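Here is the structure we will look at, set down as structure tokens.
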Amino acid sequence: MRVLGIDPGSRHLGWGLLVRHGTRVEHVAHGVIDIDTSGTFAGRLVEIDDELGKVIASHAPDAAAVESLFFAKDAQSAAKLGHARGVVLLRLARAGVPISEYPPALVKRTIVGRGAAEKAQVAQVMTAVLRLAAPPRPDAADALAIAMTHLSAAGFAAALAASGAPAPSRSRPRRARLG
């Protein structure tokens with residue numbers, strides 16, 4: 001399975017491609033799309049669409065994993081990130097690539113072991129796990145971590161399905177009342 005991980009951004013968009021062969025995960029490529037900020041915001045969205053289209057065409061992923069929105073203190077920044085994510089989701093959907101979304105805290109917990117991990121920790125772990133010569137830029141490291149999270153989740157789902165066990169419920173377990 002070839003998974004394209006994407007860390008959306010309106011100024012820097014990280015991407016990373018991993019492939020799983022059985023239980024082994026292999027690094028294929030990664031990068032950061034640096035958006036020209038001198039133009040209009042609409043122009044930046046077009047650039048994201050065009051550049052991401054090139055990545056998809058050149059790497060032909062089987063699936064995509066995108067970081068989901070998190071609540072930011074700055075509403076304007078959150079809105080811009082939402083617009084960039086929308087362009088990413090639209091481009092992937094038009095390319096026919098199945099999309100999964102993962103919250104940042106889950107990605108950090110999966111990769112580093114705690115949801116409040118720093119970007120540098122994520123980059124260090126991805127460098128070691130993928131045996132990269134040098135740490136990737138933070139946006140690309142995050143994208144690789146998102147792809148790795150998807151491969152982990154997909155592997156778990158496949159193993160669960162193969163075992164014949166029922167899928168876990170998404171609802172919260174009820175707590176017994178005491179007293």
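Identifiers in this document derive from the order of the structure tokens: chains are assigned A, B, ..., residues are numbered from 1 separately in each chain, and ligands are numbered from 1 in order of occurrence.
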
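Near region 77-84 of chain A, within 10 Å and counting only C-alpha atoms, sit Pro8, Gly9, Ser10, Arg11, Leu13, Phe41, Ala42, Arg44, Leu45, Val46, Ile48, Asp49, Ser68, Leu69, Phe70, Phe71, Ala72, Lys73, Asp74, Ala75, Gly86, Val87, Val88, Leu89 and Leu90 of chain A; same-chain residues fewer than 2 positions away were not included.
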
- [ ] Write out as a ChimeraX atom specification all residues of region 43-114 of chain A that DSSP puts in strand (DSSP E or B) for this structure's backbone.
- [x] /A:63-67,99-102

Residues as selected, N, CA and C atoms, written as a tab-separated table (two decimals), in the first residue's frame, can you do that?
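part.tsv was written with the following content:
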chain	number	residue	atom	x	y	z
A	63	ALA	N	-3.66	5.51	-1.21
A	63	ALA	CA	-4.47	6.13	-0.17
A	63	ALA	C	-3.78	7.40	0.29
A	64	ALA	N	-4.55	8.28	0.92
A	64	ALA	CA	-3.99	9.51	1.47
A	64	ALA	C	-4.43	9.64	2.92
A	65	ALA	N	-3.55	10.21	3.72
A	65	ALA	CA	-3.83	10.50	5.12
A	65	ALA	C	-3.56	11.98	5.33
A	66	VAL	N	-4.57	12.69	5.83
A	66	VAL	CA	-4.48	14.14	5.98
A	66	VAL	C	-4.69	14.49	7.44
A	67	GLU	N	-3.89	15.43	7.93
A	67	GLU	CA	-4.08	15.89	9.30
A	67	GLU	C	-5.41	16.63	9.39
A	99	ILE	N	-9.32	8.87	1.16
A	99	ILE	CA	-8.77	9.80	2.16
A	99	ILE	C	-9.16	9.37	3.56
A	100	SER	N	-8.18	9.40	4.47
A	100	SER	CA	-8.43	9.24	5.90
A	100	SER	C	-7.87	10.47	6.59
A	101	GLU	N	-8.49	10.85	7.69
A	101	GLU	CA	-8.05	12.04	8.43
A	101	GLU	C	-7.70	11.63	9.86
A	102	TYR	N	-6.64	12.23	10.39
A	102	TYR	CA	-6.17	11.91	11.73
A	102	TYR	C	-5.87	13.19	12.49

Task: For Pro136 (chain A): contacts at 9 Å, only C-alpha atoms, fewer than 3 positions along chain excluded, given as a PyMOL selection string - done: chain A and resi 30-31+123-124+126-127+132+139-141

Task: Å distance separating CA of Val129 (chain A) from CA of Pro98 (chain A), one decimal place - done: 25.2 Å

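Non-sequential neighbours of Ala116 (chain A) (distance at most 9 Å, separation of 4 or more positions within a chain, only C-alpha atoms) are Ala105, Lys108 and Arg109 of chain A.
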
Write the selection just made, keeping N, CA, C and O atoms, as a PDB file, in the first residue's frame?
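Saved file part-v5.pdb follows:
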ATOM      1  N   ALA A 105      -2.968  15.136  17.690  1.00  0.00           N
ATOM      2  CA  ALA A 105      -2.598  14.468  18.938  1.00  0.00           C
ATOM      3  C   ALA A 105      -2.499  12.952  18.755  1.00  0.00           C
ATOM      4  O   ALA A 105      -1.619  12.309  19.331  1.00  0.00           O
ATOM      5  N   LYS A 108       0.826  12.218  16.931  1.00  0.00           N
ATOM      6  CA  LYS A 108       1.962  12.334  17.855  1.00  0.00           C
ATOM      7  C   LYS A 108       1.994  11.165  18.835  1.00  0.00           C
ATOM      8  O   LYS A 108       3.058  10.632  19.143  1.00  0.00           O
ATOM      9  N   ARG A 109       0.825  10.746  19.317  1.00  0.00           N
ATOM     10  CA  ARG A 109       0.761   9.605  20.238  1.00  0.00           C
ATOM     11  C   ARG A 109       1.218   8.325  19.541  1.00  0.00           C
ATOM     12  O   ARG A 109       1.923   7.507  20.126  1.00  0.00           O
TER      13      ARG A 109
END

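Picture a line from CA of Ala134 (chain A) to CA of Thr37 (chain A); it runs 27.3 Å.
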
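The interatomic distance for the pair CA of Val28 (chain A) and CA of Arg2 (chain A) works out to 8.9 Å.
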